[in-house]
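Shown next, in structure tokens, is the structure this report addresses.
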Amino acid sequence: MAEGSNPVPSAEARRRRRPFRHVTFAIGFAITLLLVATAAVSLFYTPRDPLEMSIAARLQGPSAAHPLGTDQFGRDLLSRVMQGAVTAILVGVIAVGIGMAVGVVFGVLSGYFGGWLDEGFMRLVDAIQGFPAILSALLLAAVFKPTLGISMIAIGVAFLPVFARLTRASFLEFRDRDFVVAARALGAGDRALIGRHILPNTLPPLIVQATISFPVAILAEAGLSYLGLGTQPPNPSWGLMLKEAQAFLGMNPWYAIFPGGAIALTVLGLNLLGDGLRDLLDPKTAS
Amino acid sequence: MHGYVLRRVAALAATLLFVSLLVFVVVRVLPGDPALVILGLEASPESVARVRQALGLDRPMAVQYAQWVGQALRGDLGRSIQYDLPVGALIVSRLAITLPLTLLAAGFMIAAAIPLGVFAATRHRRWGDYLTMTLSQLGVAVPGFWAGLLLILLFSVRLGWVQAGGFDGWGQGLWSGVRSLLLPAAALGLFQFAVLARTTRSAVLEVLREEYVKTARAKGVRERTVLFRHALRNALIPVVTVAGVQLGQLLAGSIILESVFYLPGLGRLTLAAISARDLPVVQGVVLFVASMIVTVNAAVDILYGLLDPRIRYG
């Protein structure tokens, strides 16, 4: 791409693109805020104790006492769905963090040094692409034990290739630019060139990718927990709740509807936020 | 041209080597003794030693790896502890469900996504476009296994039209088998359908802005002809690429949907193997599926290069 094809927007142009005038971004932001607020509140307040069982109140539909109904142990679904938000956020942040951290290291080594190192890392990244979260989780769960931690690692590994490729592409683009060549001529070493001069320029696409990956991680965690490869009972996770709800579809369908709805709403919100952010940060892709 | 294909095939070979290395490292090198995984922590030292010898765990790592890869290349993925059958044969028998499920989901995905994506592009920034894009936003947000549960809730619990899962095998005719796969395939394809619809829309939109499309319109070619003869054929190149990569994703996703609908395919085989500590089966299935995904990705890459010469020299 020719230099100068992506002019820095003027201060006025930036002010004109007010984020909250962007409908997609605004809706996404509102839903995400709701998710974070729910998770935060659930840390110190839930309407009921999420682990409190009640034989008498098993598998009830929505009522005043239990707005989302109860599960097979009579536990309050609203409280459990609220706490599930904490698990979702935790998994999203940690899994994306793992994928991003390792992926960026791969990308830097590949893009900056090039040569056979680049070739080797890229083939490794191709290989890792053959392991979607579910596959790594199956393997890790067989060798170790299925836990939330294992599912986070499995999901993180699945994100590694996209972060590695993005970072590599940015480094290939920037490593021969004038400002890098100038810094090298002034005696900057590899570490300074990578850390101070090139890496900061690669951040915007990485941030956008992290936002896009976050909801994917939440979907993956739900799937893994549903299979029994993620969060273990009695801890609340939306995926795990759906697994348990399946046995009682005929008796209390709401049990299967609310946790799934929570996943869908969360993912929808985060996707809208990511789309909006991409439009706002990168005017080229704005429709 | 030949050089390009050859280089890509060599790269694929290297990638497959890495795939096998990754599986090997997780199973054999990371802390955790496969013999203990198989026998349980309470096993006596003698039986652990026996299993270690039987699995060849007492030999050097490099020898173990070379032997394992060599056998895998000959189609020998080891022996299931639980079934006492070759893992390869088990995989092939379970593929009779997983593969049709994956392909059916891919069929649904393509049949729905491409027309809808084209439709949205031709209605750019009008109601049809917004409606399609909203639909696709929902499709990307709804987890496949939840969609499966909702389908069971509607069609089997409420309406009682179909059974809530299970598979009677292919013995009772093609339709009987396909019928059990319809709902899981629809749920499985939903997410990828939404992704592909968006890809198609933006690919068509991009081509419709090209000069040759303007030229065709300017010389009075009918809009239908412009769309199908000029625009769609070029727009389909990125669409085919994305759809190819999605095949691998569908294969992996089928593992979850098989669980939702109690289909005895590869996914159920693996999950049962985890509970039964049948490590050779898990290892074999993961190696097989990962290799399939990587191979499909590489094939799509090569195809892309052949369809669009700009890529080869990019």
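Every chain in the structure tokens has a letter given in the order shown (A, B, ...), and although residue numbers restart at 1 in each chain, ligands are simply numbered from 1 in the order shown.
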Sorted by chain and rising residue number, which residues of range 154-190 of chain B lie within 9 Å of range 100-115 of chain B, and what are their closest atom pairs and distances in Å to one decimal, counting only C-alpha atoms, as CSV?
```
residue,atom,partner,partner_atom,distance
B:Val178,CA,B:Pro100,CA,8.2
B:Leu181,CA,B:Leu101,CA,6.0
B:Leu182,CA,B:Leu104,CA,7.7
B:Pro184,CA,B:Leu101,CA,7.5
B:Ala185,CA,B:Ala105,CA,4.4
B:Ala186,CA,B:Ala105,CA,6.0
B:Ala187,CA,B:Ala105,CA,8.0
B:Leu188,CA,B:Ala105,CA,6.0
B:Gly189,CA,B:Ala105,CA,4.7
B:Leu190,CA,B:Met109,CA,7.0
```
Each residue of chain A lying at most 6 Å from chain B should get a row with its shortest atom-to-atom pair and the distance in Å to one decimal, counting only C-alpha atoms; could you produce that, ordered by chain and increasing number, as JSON lines?
```
{"residue": "A:Arg123", "atom": "CA", "partner": "B:Thr15", "partner_atom": "CA", "distance": 5.0}
{"residue": "A:Leu124", "atom": "CA", "partner": "B:Phe18", "partner_atom": "CA", "distance": 5.9}
{"residue": "A:Ala127", "atom": "CA", "partner": "B:Thr15", "partner_atom": "CA", "distance": 5.1}
{"residue": "A:Gly130", "atom": "CA", "partner": "B:Ala290", "partner_atom": "CA", "distance": 4.4}
{"residue": "A:Phe131", "atom": "CA", "partner": "B:Ala290", "partner_atom": "CA", "distance": 5.6}
{"residue": "A:Ala142", "atom": "CA", "partner": "B:Ile274", "partner_atom": "CA", "distance": 5.0}
{"residue": "A:Gly260", "atom": "CA", "partner": "B:Trp146", "partner_atom": "CA", "distance": 6.0}
{"residue": "A:Ala264", "atom": "CA", "partner": "B:Val142", "partner_atom": "CA", "distance": 4.8}
{"residue": "A:Val267", "atom": "CA", "partner": "B:Ala141", "partner_atom": "CA", "distance": 5.1}
{"residue": "A:Leu268", "atom": "CA", "partner": "B:Ala141", "partner_atom": "CA", "distance": 5.0}
```
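Comparing A:Leu193, A:Asp126, A:Gly149, A:Leu135 by their smallest distance to Arg8 in chain B, the closest is A:Asp126 (using only C-alpha atoms).
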request  = Quick one: everything within 10 Å of Glu173 in chain A, counting only C-alpha atoms, minus sequence neighbours fewer than 2 positions away in the same chain. Send it as number ranges by chain.
outcome  = A: 1, 111-112, 167-171, 175-177, 198, 202
request  = Find, counting only C-alpha atoms, the residue in A:Met122, A:Asp178, A:Ile194, A:Ala137 that gets nearest to Ala164 in chain A.
outcome  = A:Met122
